[in-house]
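So this one's coords-v8.csv, CSV, C-alpha atoms:
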```csv
chain,number,residue,atom,x,y,z
M,19,MET,CA,16.2,137.5,-78.0
M,20,THR,CA,17.5,134.0,-77.9
M,21,TYR,CA,16.2,131.9,-75.0
M,22,GLN,CA,18.3,129.1,-73.4
M,23,PHE,CA,17.0,125.6,-73.0
M,24,THR,CA,18.9,122.9,-71.1
M,25,VAL,CA,18.3,119.3,-70.1
M,26,SER,CA,19.1,117.6,-66.8
M,27,PRO,CA,22.6,116.1,-67.3
M,28,ASP,CA,21.2,112.7,-66.3
M,29,PHE,CA,19.4,112.3,-69.7
M,30,THR,CA,19.8,108.9,-71.4
M,31,PRO,CA,22.7,109.2,-73.8
M,32,ASP,CA,20.6,107.5,-76.5
M,33,HIS,CA,18.3,110.5,-76.5
M,34,LEU,CA,20.9,113.2,-76.9
M,35,SER,CA,20.0,113.8,-80.6
M,36,GLY,CA,16.3,113.6,-79.6
M,37,TRP,CA,16.7,116.7,-77.4
M,38,TYR,CA,18.3,118.6,-80.3
M,39,ILE,CA,15.4,117.5,-82.6
M,40,PHE,CA,12.9,118.6,-79.9
M,41,ASN,CA,14.5,122.0,-79.6
M,42,THR,CA,14.3,122.6,-83.3
M,43,TRP,CA,10.7,121.5,-83.3
M,44,LEU,CA,9.9,123.8,-80.4
M,45,GLN,CA,11.5,126.8,-82.1
M,46,ASN,CA,9.4,126.2,-85.2
M,47,GLN,CA,6.2,125.8,-83.2
M,48,THR,CA,6.7,128.8,-80.9
M,49,ASP,CA,8.5,131.2,-83.2
M,50,ASN,CA,11.2,131.7,-80.6
M,51,ALA,CA,14.9,131.5,-81.0
M,52,ILE,CA,16.0,128.9,-78.5
M,53,HIS,CA,19.5,127.7,-78.0
M,54,LEU,CA,20.0,124.2,-76.5
M,55,GLU,CA,22.9,124.1,-74.0
M,56,MET,CA,23.8,120.7,-72.7
M,57,TYR,CA,25.9,121.1,-69.5
M,58,ASN,CA,28.4,118.4,-68.5
M,59,ASP,CA,27.2,118.0,-65.0
M,60,PHE,CA,24.8,119.3,-62.4
M,61,HIS,CA,27.3,121.8,-60.9
M,62,GLU,CA,27.7,123.6,-64.3
M,63,GLN,CA,24.0,123.5,-64.9
M,64,ARG,CA,23.1,124.9,-61.4
M,65,ALA,CA,25.7,127.6,-61.9
M,66,ALA,CA,24.0,128.7,-65.1
M,67,ILE,CA,20.6,128.7,-63.4
M,68,GLN,CA,22.0,130.8,-60.6
M,69,GLU,CA,23.3,133.3,-63.2
M,70,ASN,CA,19.8,133.4,-64.7
M,71,LYS,CA,21.0,132.1,-68.1
M,72,VAL,CA,18.3,129.4,-68.3
M,73,ASP,CA,14.8,129.9,-69.6
M,74,LEU,CA,13.6,126.4,-70.2
M,75,ILE,CA,14.7,123.2,-68.5
M,76,TYR,CA,13.9,119.6,-68.4
M,77,ALA,CA,14.6,119.4,-64.8
M,78,ASN,CA,15.6,116.7,-62.3
M,79,PRO,CA,13.0,116.6,-59.5
M,80,PHE,CA,15.8,117.4,-57.0
M,81,ASP,CA,16.2,120.8,-58.6
M,82,ALA,CA,12.5,121.6,-58.8
M,83,ALA,CA,12.3,123.3,-55.4
M,84,MET,CA,15.2,125.6,-56.2
M,85,LEU,CA,13.8,126.5,-59.6
M,86,VAL,CA,10.3,127.3,-58.3
M,87,ARG,CA,11.1,128.9,-55.0
M,88,GLU,CA,14.3,130.7,-55.8
M,89,LYS,CA,14.2,131.3,-59.5
M,90,GLY,CA,10.5,131.8,-60.3
M,91,PHE,CA,10.2,128.8,-62.7
M,92,LYS,CA,6.8,127.2,-63.3
M,93,PRO,CA,6.1,123.7,-64.5
M,94,LEU,CA,5.0,123.0,-68.0
M,95,ALA,CA,4.7,119.3,-68.6
M,96,ARG,CA,6.0,115.8,-67.9
M,97,PRO,CA,6.3,112.8,-70.1
M,98,LEU,CA,3.2,110.6,-69.5
M,99,GLY,CA,3.8,107.5,-67.5
M,100,ILE,CA,7.5,108.1,-66.8
M,101,SER,CA,8.7,108.4,-63.3
M,102,ASP,CA,12.1,108.1,-61.7
M,103,GLU,CA,12.7,104.9,-59.8
M,104,ALA,CA,15.9,103.6,-58.2
M,105,ILE,CA,17.4,100.1,-57.9
M,106,VAL,CA,19.8,98.9,-55.2
M,107,ALA,CA,21.9,96.0,-56.6
M,108,VAL,CA,24.8,93.9,-55.6
M,109,ASN,CA,27.2,91.4,-57.3
M,110,ALA,CA,25.3,88.2,-58.0
M,111,ASP,CA,27.9,86.4,-55.8
M,112,ASN,CA,27.1,88.5,-52.8
M,113,HIS,CA,25.4,86.4,-50.1
M,114,VAL,CA,23.3,89.3,-48.8
M,115,GLU,CA,19.6,88.6,-49.6
M,116,ASP,CA,18.1,91.6,-47.8
M,117,VAL,CA,19.1,95.3,-47.6
M,118,ALA,CA,18.6,95.0,-43.8
M,119,HIS,CA,21.6,92.7,-43.7
M,120,LEU,CA,24.1,95.1,-45.2
M,121,SER,CA,26.7,96.4,-42.7
M,122,ALA,CA,28.1,99.8,-41.9
M,123,GLY,CA,31.3,100.7,-43.8
M,124,ILE,CA,30.3,99.2,-47.1
M,125,LYS,CA,31.2,100.9,-50.4
M,126,VAL,CA,28.3,102.3,-52.4
M,127,ALA,CA,28.8,103.1,-56.1
M,128,VAL,CA,26.6,106.0,-57.2
M,129,THR,CA,26.4,108.5,-60.0
M,130,GLU,CA,25.9,112.2,-59.6
M,131,ASP,CA,22.1,112.0,-60.3
M,132,PRO,CA,20.7,113.6,-57.2
M,133,ASP,CA,17.2,112.1,-57.1
M,134,VAL,CA,18.4,108.5,-57.7
M,135,HIS,CA,21.1,108.9,-55.1
M,136,MET,CA,18.5,110.1,-52.6
M,137,MET,CA,16.1,107.3,-53.3
M,138,GLY,CA,18.8,104.7,-53.2
M,139,MET,CA,20.1,106.0,-49.8
M,140,ILE,CA,16.5,105.9,-48.5
M,141,MET,CA,16.3,102.2,-49.5
M,142,LEU,CA,19.5,101.6,-47.5
M,143,GLU,CA,18.1,103.1,-44.3
M,144,PRO,CA,16.5,99.8,-43.1
M,145,ALA,CA,20.1,98.6,-42.6
M,146,ASP,CA,20.9,101.7,-40.5
M,147,LEU,CA,23.0,103.0,-43.3
M,148,ASP,CA,23.4,106.7,-44.2
M,149,ALA,CA,26.0,109.1,-45.6
M,150,SER,CA,27.9,109.0,-42.3
M,151,ASN,CA,28.6,105.2,-42.3
M,152,VAL,CA,29.0,104.2,-45.9
M,153,VAL,CA,31.9,104.9,-48.3
M,154,ILE,CA,30.6,106.6,-51.5
M,155,VAL,CA,32.2,105.5,-54.7
M,156,PRO,CA,31.5,108.2,-57.3
M,157,SER,CA,30.9,106.9,-60.8
M,158,ASP,CA,30.4,108.8,-64.0
M,159,THR,CA,27.8,106.5,-65.5
M,160,TYR,CA,25.6,103.6,-64.5
M,161,VAL,CA,27.8,101.3,-66.6
M,162,VAL,CA,30.6,102.4,-64.3
M,163,VAL,CA,28.5,101.6,-61.2
M,164,ALA,CA,27.9,98.1,-62.6
M,165,LYS,CA,31.7,97.7,-63.3
M,166,HIS,CA,32.5,98.7,-59.7
M,167,LEU,CA,30.1,95.9,-58.5
M,168,LEU,CA,31.6,93.3,-61.0
M,169,LYS,CA,35.1,94.1,-59.9
M,170,ASN,CA,34.1,94.1,-56.2
M,171,GLU,CA,35.2,97.7,-55.8
M,172,ALA,CA,31.8,98.4,-54.3
M,173,GLU,CA,29.4,96.1,-52.4
M,174,VAL,CA,26.3,98.0,-53.4
M,175,GLY,CA,25.3,100.0,-56.5
M,176,ILE,CA,22.5,102.6,-56.8
M,177,PHE,CA,21.0,102.7,-60.3
M,178,LEU,CA,18.3,104.6,-62.1
M,179,ALA,CA,15.9,101.7,-62.7
M,180,GLU,CA,15.7,102.5,-66.4
M,181,ALA,CA,19.5,102.6,-66.7
M,182,TYR,CA,19.7,99.2,-64.9
M,183,ASP,CA,17.2,97.7,-67.2
M,184,ASP,CA,19.1,98.9,-70.2
M,185,LEU,CA,22.4,97.2,-69.1
M,186,SER,CA,23.4,94.3,-71.3
M,187,ASN,CA,22.1,90.9,-70.3
M,188,MET,CA,25.7,89.7,-69.8
M,189,ILE,CA,26.2,92.4,-67.1
M,190,LYS,CA,22.8,91.9,-65.5
M,191,LYS,CA,23.4,88.2,-65.1
M,192,GLN,CA,26.3,89.0,-62.9
M,193,LEU,CA,24.3,91.4,-60.7
M,194,ARG,CA,21.3,90.9,-58.4
M,195,ILE,CA,18.6,93.4,-57.4
M,196,LEU,CA,18.1,93.8,-53.7
M,197,VAL,CA,15.3,96.5,-54.0
M,198,ARG,CA,13.6,98.3,-56.7
M,199,SER,CA,11.7,101.5,-55.7
M,200,GLN,CA,8.0,101.8,-56.5
M,201,ILE,CA,7.4,105.4,-55.7
M,202,GLY,CA,5.6,106.6,-58.8
M,203,VAL,CA,5.4,110.3,-58.0
M,204,ILE,CA,9.0,111.6,-58.5
M,205,HIS,CA,9.5,112.7,-62.1
M,206,HIS,CA,11.5,115.0,-64.3
M,207,SER,CA,9.5,118.0,-65.6
M,208,LEU,CA,9.8,120.5,-68.4
M,209,MET,CA,9.9,123.9,-66.6
M,210,ILE,CA,9.7,127.5,-67.8
M,211,GLY,CA,11.6,130.5,-66.5
M,212,PRO,CA,10.5,134.1,-65.8
M,213,ARG,CA,11.5,135.5,-69.3
M,214,LEU,CA,9.2,133.0,-71.0
M,215,LEU,CA,6.3,132.9,-68.5
M,216,ASP,CA,4.0,134.9,-70.6
M,217,GLN,CA,4.1,132.1,-73.2
M,218,ARG,CA,3.4,129.3,-70.7
M,219,GLU,CA,-0.1,128.5,-71.7
M,220,LYS,CA,0.8,128.6,-75.4
M,221,ILE,CA,3.7,126.3,-75.0
M,222,GLN,CA,1.7,123.9,-72.8
M,223,ASN,CA,-0.9,123.7,-75.5
M,224,ILE,CA,1.7,123.0,-78.1
M,225,LEU,CA,3.2,120.3,-76.0
M,226,VAL,CA,0.0,118.4,-75.2
M,227,GLN,CA,-1.0,118.5,-78.8
M,228,MET,CA,2.3,117.1,-79.9
M,229,ALA,CA,1.4,113.4,-79.8
M,230,GLY,CA,-1.6,114.1,-82.2
M,231,ASP,CA,0.7,115.5,-84.9
M,232,GLU,CA,2.6,113.1,-87.1
M,233,LYS,CA,5.8,115.1,-87.0
M,234,GLY,CA,5.4,115.8,-83.3
M,235,LYS,CA,5.0,112.1,-82.6
M,236,GLY,CA,8.2,111.4,-84.4
M,237,VAL,CA,10.0,114.0,-82.2
M,238,LEU,CA,8.5,112.4,-79.0
M,239,ASP,CA,9.7,109.0,-80.3
M,240,SER,CA,13.2,110.3,-80.5
M,241,LEU,CA,13.0,111.3,-76.8
M,242,GLY,CA,11.5,107.9,-75.8
M,243,PHE,CA,8.3,109.6,-74.7
M,244,THR,CA,4.7,108.9,-75.9
M,245,GLN,CA,3.1,112.1,-74.8
M,246,TRP,CA,3.5,115.3,-72.7
M,247,GLN,CA,1.1,115.7,-69.8
M,248,VAL,CA,0.5,119.1,-68.2
M,249,VAL,CA,1.9,119.6,-64.7
M,250,ASP,CA,0.0,122.3,-62.8
M,251,ASP,CA,1.4,124.4,-60.0
M,252,GLU,CA,-0.2,122.3,-57.2
M,253,GLU,CA,1.2,119.0,-58.6
M,254,MET,CA,4.6,120.6,-58.7
M,255,GLU,CA,4.2,121.9,-55.1
M,256,PHE,CA,3.2,118.4,-54.0
M,257,MET,CA,6.3,116.9,-55.5
M,258,ILE,CA,8.5,119.6,-54.0
M,259,ASP,CA,7.0,118.9,-50.5
M,260,LEU,CA,7.5,115.2,-51.1
M,261,MET,CA,11.1,115.7,-52.0
M,262,ASP,CA,11.5,117.9,-49.0
M,263,THR,CA,10.3,115.1,-46.7
M,264,LEU,CA,12.8,112.7,-48.3
M,265,THR,CA,15.8,114.9,-47.9
M,266,MET,CA,15.4,114.8,-44.1
N,24,MET,CA,-15.9,111.0,-39.3
N,25,LEU,CA,-14.1,108.4,-37.2
N,26,HIS,CA,-16.1,105.2,-36.5
N,27,ASP,CA,-15.3,102.6,-33.8
N,28,MET,CA,-13.5,99.6,-35.1
N,29,LYS,CA,-15.7,96.5,-35.7
N,30,ALA,CA,-14.8,93.0,-34.6
N,31,GLU,CA,-16.0,91.5,-37.9
N,32,TYR,CA,-13.0,93.2,-39.7
N,33,ILE,CA,-10.4,92.0,-37.1
N,34,VAL,CA,-8.1,89.1,-38.0
N,35,GLY,CA,-6.9,87.1,-35.0
N,36,ASP,CA,-7.3,87.5,-31.2
N,37,PHE,CA,-7.8,91.1,-30.2
N,38,THR,CA,-7.7,93.5,-27.3
N,39,GLU,CA,-10.3,96.3,-27.0
N,40,VAL,CA,-9.6,99.8,-25.7
N,41,THR,CA,-11.1,103.3,-26.0
N,42,LEU,CA,-8.6,105.9,-27.2
N,43,GLU,CA,-9.0,109.5,-26.3
N,44,LEU,CA,-7.8,111.5,-29.4
N,45,TYR,CA,-6.8,115.0,-30.1
N,46,GLY,CA,-9.7,117.4,-30.4
N,47,GLY,CA,-12.0,115.6,-27.9
N,48,LEU,CA,-12.6,112.6,-30.1
N,49,SER,CA,-12.7,109.1,-28.7
N,50,ARG,CA,-12.6,105.8,-30.6
N,51,LYS,CA,-13.0,102.2,-29.6
N,52,VAL,CA,-10.1,100.3,-31.2
N,53,LEU,CA,-9.5,96.6,-31.5
N,54,TYR,CA,-5.9,95.5,-31.9
N,55,THR,CA,-3.9,92.3,-32.4
N,56,GLU,CA,-0.3,91.4,-32.1
N,57,ILE,CA,0.0,90.7,-35.9
N,58,GLU,CA,2.7,92.8,-37.6
N,59,THR,CA,2.7,93.6,-41.3
N,60,SER,CA,6.2,94.2,-42.6
N,61,TYR,CA,6.8,97.5,-44.4
N,62,PRO,CA,7.3,96.7,-48.1
N,63,ASP,CA,10.7,97.4,-49.6
N,64,GLY,CA,11.1,100.2,-52.0
N,65,LYS,CA,7.7,101.9,-51.4
N,66,LEU,CA,6.6,105.2,-49.8
N,67,ILE,CA,3.3,105.7,-48.1
N,68,VAL,CA,2.1,109.2,-48.9
N,69,SER,CA,-0.9,111.1,-47.6
N,70,THR,CA,-2.0,114.7,-47.3
N,71,THR,CA,-4.3,116.3,-44.8
N,72,ASP,CA,-6.0,119.6,-44.3
N,73,LYS,CA,-4.9,121.8,-41.4
N,74,LYS,CA,-7.1,119.9,-39.0
N,75,GLY,CA,-5.6,116.5,-39.8
N,76,VAL,CA,-8.4,115.3,-42.0
N,77,ILE,CA,-7.2,113.1,-44.9
N,78,THR,CA,-7.5,114.7,-48.3
N,79,HIS,CA,-5.2,112.3,-50.4
N,80,VAL,CA,-3.7,108.8,-50.0
N,81,ASN,CA,-1.6,106.8,-52.4
N,82,ARG,CA,-1.9,103.2,-53.2
N,83,SER,CA,0.7,102.0,-50.7
N,84,PHE,CA,-1.2,103.8,-47.9
N,85,ILE,CA,-4.4,101.9,-48.8
N,86,GLU,CA,-2.6,98.6,-49.0
N,87,MET,CA,-0.9,99.0,-45.7
N,88,ALA,CA,-3.8,100.5,-43.7
N,89,GLY,CA,-6.3,98.0,-45.1
N,90,TYR,CA,-9.1,100.5,-45.6
N,91,GLU,CA,-10.8,101.5,-48.9
N,92,GLU,CA,-9.8,104.9,-50.2
N,93,SER,CA,-13.4,106.1,-49.6
N,94,GLU,CA,-13.1,105.2,-45.9
N,95,LEU,CA,-9.9,107.2,-45.6
N,96,ILE,CA,-10.7,110.4,-47.5
N,97,GLY,CA,-12.5,112.8,-45.0
N,98,ALA,CA,-11.4,110.7,-42.0
N,99,PRO,CA,-9.1,112.1,-39.3
N,100,HIS,CA,-5.5,110.9,-39.7
N,101,ALA,CA,-6.0,109.4,-36.2
N,102,ILE,CA,-7.7,106.5,-37.9
N,103,LEU,CA,-4.3,104.9,-37.9
N,104,ARG,CA,-3.6,105.7,-34.2
N,105,HIS,CA,-2.4,102.6,-32.3
N,106,PRO,CA,-2.9,102.5,-28.5
N,107,ASP,CA,0.8,101.7,-28.1
N,108,MET,CA,1.8,105.2,-29.4
N,109,PRO,CA,2.2,107.7,-26.6
N,110,PRO,CA,0.1,110.9,-26.9
N,111,ALA,CA,3.4,112.8,-26.3
N,112,ALA,CA,4.7,111.7,-29.7
N,113,PHE,CA,1.7,113.3,-31.5
N,114,LYS,CA,1.8,116.4,-29.4
N,115,ASP,CA,5.4,116.8,-30.4
N,116,LEU,CA,4.4,116.3,-34.1
N,117,TRP,CA,1.7,118.9,-34.0
N,118,ASP,CA,3.8,121.4,-31.9
N,119,THR,CA,6.6,121.0,-34.5
N,120,VAL,CA,4.6,121.3,-37.7
N,121,ASN,CA,2.5,124.2,-36.3
N,122,LYS,CA,5.7,126.1,-36.1
N,123,GLY,CA,6.2,125.4,-39.9
N,124,VAL,CA,9.0,122.9,-39.3
N,125,LYS,CA,9.3,119.3,-40.6
N,126,TRP,CA,8.8,116.5,-38.0
N,127,GLN,CA,10.3,113.1,-38.2
N,128,GLY,CA,9.7,110.1,-36.0
N,129,PHE,CA,9.0,106.4,-35.8
N,130,VAL,CA,5.3,105.4,-35.6
N,131,LYS,CA,3.4,102.2,-35.0
N,132,ASN,CA,0.2,102.4,-37.1
N,133,LEU,CA,-3.0,100.5,-36.6
N,134,ARG,CA,-4.6,98.6,-39.5
N,135,LYS,CA,-8.3,98.1,-40.2
N,136,ASP,CA,-7.8,94.4,-39.4
N,137,GLY,CA,-6.3,95.2,-36.0
N,138,GLY,CA,-2.8,94.5,-37.0
N,139,TYR,CA,0.0,97.0,-37.0
N,140,TYR,CA,3.0,98.2,-39.1
N,141,TRP,CA,6.0,100.4,-38.2
N,142,VAL,CA,7.0,103.4,-40.3
N,143,LYS,CA,9.6,106.1,-40.3
N,144,ALA,CA,7.3,109.2,-40.9
N,145,THR,CA,8.1,112.7,-42.0
N,146,VAL,CA,5.5,115.4,-41.9
N,147,ILE,CA,5.9,118.7,-43.6
N,148,PRO,CA,3.5,121.7,-43.7
N,149,ASN,CA,2.2,122.5,-47.2
N,150,VAL,CA,2.9,126.3,-47.5
N,151,ARG,CA,1.1,128.0,-50.4
N,152,ASN,CA,1.5,131.7,-50.9
N,153,GLY,CA,2.9,132.0,-47.4
N,154,GLU,CA,0.1,130.2,-45.7
N,155,VAL,CA,-0.1,126.7,-44.3
N,156,MET,CA,-2.8,124.9,-46.3
N,157,GLY,CA,-2.3,121.4,-44.9
N,158,TYR,CA,0.3,118.7,-44.3
N,159,THR,CA,2.0,116.0,-46.3
N,160,SER,CA,3.2,112.9,-44.6
N,161,VAL,CA,5.6,110.5,-46.2
N,162,ARG,CA,6.5,107.2,-44.6
N,163,ARG,CA,9.4,104.9,-45.4
N,164,LYS,CA,10.7,101.6,-44.2
N,165,PRO,CA,12.3,102.0,-40.7
N,166,SER,CA,15.4,100.2,-39.5
N,167,ARG,CA,14.6,97.3,-37.1
N,168,THR,CA,17.2,98.7,-34.7
N,169,LYS,CA,15.2,102.0,-34.4
N,170,VAL,CA,11.9,100.1,-34.1
N,171,GLU,CA,13.3,98.0,-31.2
N,172,GLU,CA,14.5,101.2,-29.5
N,173,CYS,CA,10.9,102.6,-29.8
N,174,ILE,CA,9.4,99.4,-28.5
N,175,LYS,CA,11.4,100.0,-25.3
N,176,LEU,CA,11.0,103.7,-25.2
N,177,TYR,CA,7.3,104.4,-26.0
N,178,PRO,CA,5.8,102.6,-23.0
N,179,THR,CA,7.8,104.9,-20.7
N,180,LEU,CA,6.2,108.0,-22.3
N,181,PHE,CA,2.6,107.4,-21.1
```

Could you express the structure from this file as C-alpha cells?
Amino acid sequence: MTYQFTVSPDFTPDHLSGWYIFNTWLQNQTDNAIHLEMYNDFHEQRAAIQENKVDLIYANPFDAAMLVREKGFKPLARPLGISDEAIVAVNADNHVEDVAHLSAGIKVAVTEDPDVHMMGMIMLEPADLDASNVVIVPSDTYVVVAKHLLKNEAEVGIFLAEAYDDLSNMIKKQLRILVRSQIGVIHHSLMIGPRLLDQREKIQNILVQMAGDEKGKGVLDSLGFTQWQVVDDEEMEFMIDLMDTLTM
Amino acid sequence: MLHDMKAEYIVGDFTEVTLELYGGLSRKVLYTEIETSYPDGKLIVSTTDKKGVITHVNRSFIEMAGYEESELIGAPHAILRHPDMPPAAFKDLWDTVNKGVKWQGFVKNLRKDGGYYWVKATVIPNVRNGEVMGYTSVRRKPSRTKVEECIKLYPTLF
C-alpha cells in the first residue's frame, strides 16, 4: 500500500523541495511507498486527517492533541534545537514601547499558523487584549503581515520568530519588535499514524542515524535541520498538556 | 520537605509570619514589599505529583522564584505561597483540578529573597491512560488591571 505523508502548511517556503527530497529518502530507507501530499492550508489538512488519509505528518504543535488523542498518532522525532517562537511587532513609527500600552480595538495582522497565533495573543494579554476586543487582519504569509504594518493597515503583527528574522533588512528597519517569546518547549514534531505504528521504532532509528550518514545529512540540510531527536510519548503528552493550558 | 525561610536570604526590610498550609504543614515565611516584574515573552512551567510535590521546573521558574533547581525538586509547590494569597483561592484550585478540570487564576507568588511576583496561572491535570498522574502549571504575564483587581479582592477573602 501507499502511505500518505504531509507537512504542516506553515513550513518555510524555502524548504518545500527539501520535504520532497526527505520523502524520497524516507521511501528508500524504509522500503515503503510514501506519497507526499502538501495541503494548501490547515483546514484542508485537518479534513484529510479526519478522513484517515494521513499516515505520517510533520505536525504543528496545535494539532498534536487531536492527532494523539483522537486519531491514535504517536510522536517520532523533532528537529534538534528548533522550537516555535513568536514575535509581536509594530511599525517603527508607532510610539508604543510596551505591549501593556496597546489599546482595545487595535488591528492585529496574523497568519493562519495556529500555534504562533496563540503565542502572539498570549503576549497581548498584559494589555487586556484578547480575541473579543481586537480586530484580526488575516494574512496569507508573514510578508503580508509585515506589509499590513508598513501600510498602517494593522497596528500589531504576530510573526513566527524565524519568519520575522528572515524578512529583508529593508523591511525590518521599518518595524520594531515589542516582544519575542522565549518559550522553548513548543515545537513541530514528526508523527506516525495507526497504519504505520508497527514500524515506529524502525523509522525512529533511521531518523536519528540520519545526521551520521553523508547523504542523510544533505537531506537534513535541505530542510534546515541539523539532526532528528526522538520524541517519546511522555514528552509529547507534556507538550499537549502545556498547549492545553495555553488555549484557556 | 519545606524549610522555614531564612533572614540571610532576604533582600530588604521584611515581615515574618507563620503560614498554615494544606496537609497540616506550617512554614515561617519572611516577605518584603519588593515586586519583581514578570518578564515579557516567557512562560513559567512546572509539574507536580498528585500531592503537589514539584517534579519539574523550567529555567524561568528558577529565575523568578530565586531558588536553585535542587531546592525546588521534591519540595511542595506551597514553597511559593505568599501570605497575601487567601487560602480560599488554593482550595478552589484543588477542588477544580481534583475534578479533572483546568483551573485558572491570578496568583501572587513568594520568592526566596522575600519579594513577590504576580502571575496568571493555569493548572491542568496530567491524565495518562485515564488516570491523573500529576499536574502541570503554566504561568504567563498577567495584565496590570487584573492584578489591581486581585490586590483589592484578595484581602476580603480571608

**Request:** With a distance cut-off of 6 Å and only C-alpha atoms, select the neighbouring residues of Ile105 of chain M, excluding the residue or stretch itself and same-chain residues fewer than 4 positions from it, and output the selection as a PyMOL selection string.
**Result:** chain M and resi 176-177+179+197-198

Closest contacts (chain M/chain N, max 10 Å, all atoms listed in the file) as a Markdown table:
```
| residue | atom | partner | partner_atom | distance |
| --- | --- | --- | --- | --- |
| M:Glu103 | CA | N:Gly64 | CA | 9.2 |
| M:Ala104 | CA | N:Gly64 | CA | 8.5 |
| M:Ile105 | CA | N:Gly64 | CA | 8.6 |
| M:Val106 | CA | N:Gly64 | CA | 9.4 |
| M:Asp116 | CA | N:Asp63 | CA | 9.6 |
| M:Val117 | CA | N:Asp63 | CA | 8.9 |
| M:Ala118 | CA | N:Ser166 | CA | 7.5 |
| M:Met137 | CA | N:Gly64 | CA | 8.8 |
| M:Gly138 | CA | N:Gly64 | CA | 9.0 |
| M:Ile140 | CA | N:Arg163 | CA | 7.8 |
| M:Met141 | CA | N:Gly64 | CA | 6.1 |
| M:Leu142 | CA | N:Ser166 | CA | 9.1 |
| M:Glu143 | CA | N:Ser166 | CA | 6.2 |
| M:Pro144 | CA | N:Ser166 | CA | 3.8 |
| M:Ala145 | CA | N:Ser166 | CA | 5.9 |
| M:Asp146 | CA | N:Ser166 | CA | 5.8 |
| M:Leu147 | CA | N:Ser166 | CA | 8.9 |
| M:Leu196 | CA | N:Asp63 | CA | 9.2 |
| M:Val197 | CA | N:Gly64 | CA | 5.9 |
| M:Arg198 | CA | N:Gly64 | CA | 5.7 |
| M:Ser199 | CA | N:Gly64 | CA | 4.0 |
| M:Gln200 | CA | N:Lys65 | CA | 5.1 |
| M:Ile201 | CA | N:Lys65 | CA | 5.6 |
| M:Gly202 | CA | N:Lys65 | CA | 9.0 |
| M:Val203 | CA | N:Asn81 | CA | 9.6 |
| M:Glu252 | CA | N:Arg151 | CA | 9.0 |
| M:Glu255 | CA | N:Asn149 | CA | 8.2 |
| M:Phe256 | CA | N:Asn149 | CA | 8.0 |
| M:Ile258 | CA | N:Asn149 | CA | 9.7 |
| M:Asp259 | CA | N:Asn149 | CA | 6.8 |
| M:Leu260 | CA | N:Val161 | CA | 7.1 |
| M:Met261 | CA | N:Val161 | CA | 9.5 |
| M:Asp262 | CA | N:Ile147 | CA | 7.8 |
| M:Thr263 | CA | N:Thr145 | CA | 5.7 |
| M:Leu264 | CA | N:Val161 | CA | 7.8 |
| M:Thr265 | CA | N:Thr145 | CA | 9.9 |
| M:Met266 | CA | N:Thr145 | CA | 7.9 |
```

Practice task
Rank M:Ala95, M:Asp158, M:Asp131, M:Val114 by their smallest atom-to-atom distance to Trp246 of chain M, using all atoms listed in the file, and report the top residue only.
Solution key: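 Checking each candidate against Trp246 of chain M, we get M:Ala95 as the closest.
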
TODO: May I have the residues within 12 Å of segment 108-124 of chain N as a VMD selection string, using only C-alpha atoms and disregarding those fewer than 4 positions away in the same chain?
DONE: (chain M and resid 262 to 263 266) or (chain N and resid 42 to 46 73 to 75 100 to 101 103 to 104 128 to 133 139 141 144 to 151 153 to 160 173 to 181)

Kindly extract all protein, DNA and RNA residues lying within 7 Å of the coordinates (-8.2, 103.2, -26.4) given in the file, considering all atoms listed in the file, and supply them as a PyMOL selection string.
chain N and resi 40-43+50-52+106

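Taking atom CA of Gln247 of chain M as the reference point, atom CA of His53 of chain M is found at 23.4 Å.
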
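Among M:Trp37, M:Gln47, M:Pro79, M:Leu74, the residue with the shortest atom-to-atom distance to Met257 of chain M, counting all atoms listed in the file, is M:Pro79.
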
Exercise. Contacts of Ile221 of chain M at 10 Å or less, counting all atoms listed in the file, minus same-chain residues fewer than 4 places along, as a list in words?
Worked result: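 Selected residues are Leu44, Gln47, Thr48, Leu94, Ala95, Ile210, Leu214, Leu215, Asp216, Gln217, Leu225, Val226 and Gln227 of chain M.
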
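For the pair atom CA of Phe84 of chain N and atom CA of Glu39 of chain N, the separation is 24.0 Å.
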
task: Find the spatial neighbours of Tyr57 of chain M, counting only C-alpha atoms, within a cut-off of 12 Å - ignore same-chain residues fewer than 6 positions away - and output them as a list in words.
output: Gln22, Phe23, Thr24, Val25, Ser26, Pro27, Asp28, Phe29, Leu34, Gln63, Arg64, Ala65, Ala66, Ile67, Val72 and Ile75 of chain M

**Prompt:** What is the atom CA of Asp102 of chain M to atom CA of Leu238 of chain M distance in Å?
**Reply:**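 According to the coordinates, atom CA of Asp102 of chain M and atom CA of Leu238 of chain M are separated by 18.2 Å.
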
Give me, as an MDAnalysis selection string, all polymer residues having an atom no more than 10 Å from Pro93 of chain M, counting all atoms listed in the file and skipping those fewer than 5 positions away in the same chain.
chainID M and resid 74:77 82 85:86 207:211 218 222 248:255

So that I have them on file, write out the residues from the current selection with C-alpha atoms, as an mmCIF file, in the coordinates of the input.
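See again.cif below for the written result:
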```cif
data_model
loop_
_atom_site.group_PDB
_atom_site.id
_atom_site.type_symbol
_atom_site.label_atom_id
_atom_site.label_comp_id
_atom_site.auth_asym_id
_atom_site.auth_seq_id
_atom_site.Cartn_x
_atom_site.Cartn_y
_atom_site.Cartn_z
ATOM 1 C CA LEU M 74 13.600 126.400 -70.200
ATOM 2 C CA ILE M 75 14.700 123.200 -68.500
ATOM 3 C CA TYR M 76 13.900 119.600 -68.400
ATOM 4 C CA ALA M 77 14.600 119.400 -64.800
ATOM 5 C CA ALA M 82 12.500 121.600 -58.800
ATOM 6 C CA LEU M 85 13.800 126.500 -59.600
ATOM 7 C CA VAL M 86 10.300 127.300 -58.300
ATOM 8 C CA SER M 207 9.500 118.000 -65.600
ATOM 9 C CA LEU M 208 9.800 120.500 -68.400
ATOM 10 C CA MET M 209 9.900 123.900 -66.600
ATOM 11 C CA ILE M 210 9.700 127.500 -67.800
ATOM 12 C CA GLY M 211 11.600 130.500 -66.500
ATOM 13 C CA ARG M 218 3.400 129.300 -70.700
ATOM 14 C CA GLN M 222 1.700 123.900 -72.800
ATOM 15 C CA VAL M 248 0.500 119.100 -68.200
ATOM 16 C CA VAL M 249 1.900 119.600 -64.700
ATOM 17 C CA ASP M 250 0.000 122.300 -62.800
ATOM 18 C CA ASP M 251 1.400 124.400 -60.000
ATOM 19 C CA GLU M 252 -0.200 122.300 -57.200
ATOM 20 C CA GLU M 253 1.200 119.000 -58.600
ATOM 21 C CA MET M 254 4.600 120.600 -58.700
ATOM 22 C CA GLU M 255 4.200 121.900 -55.100
#
```
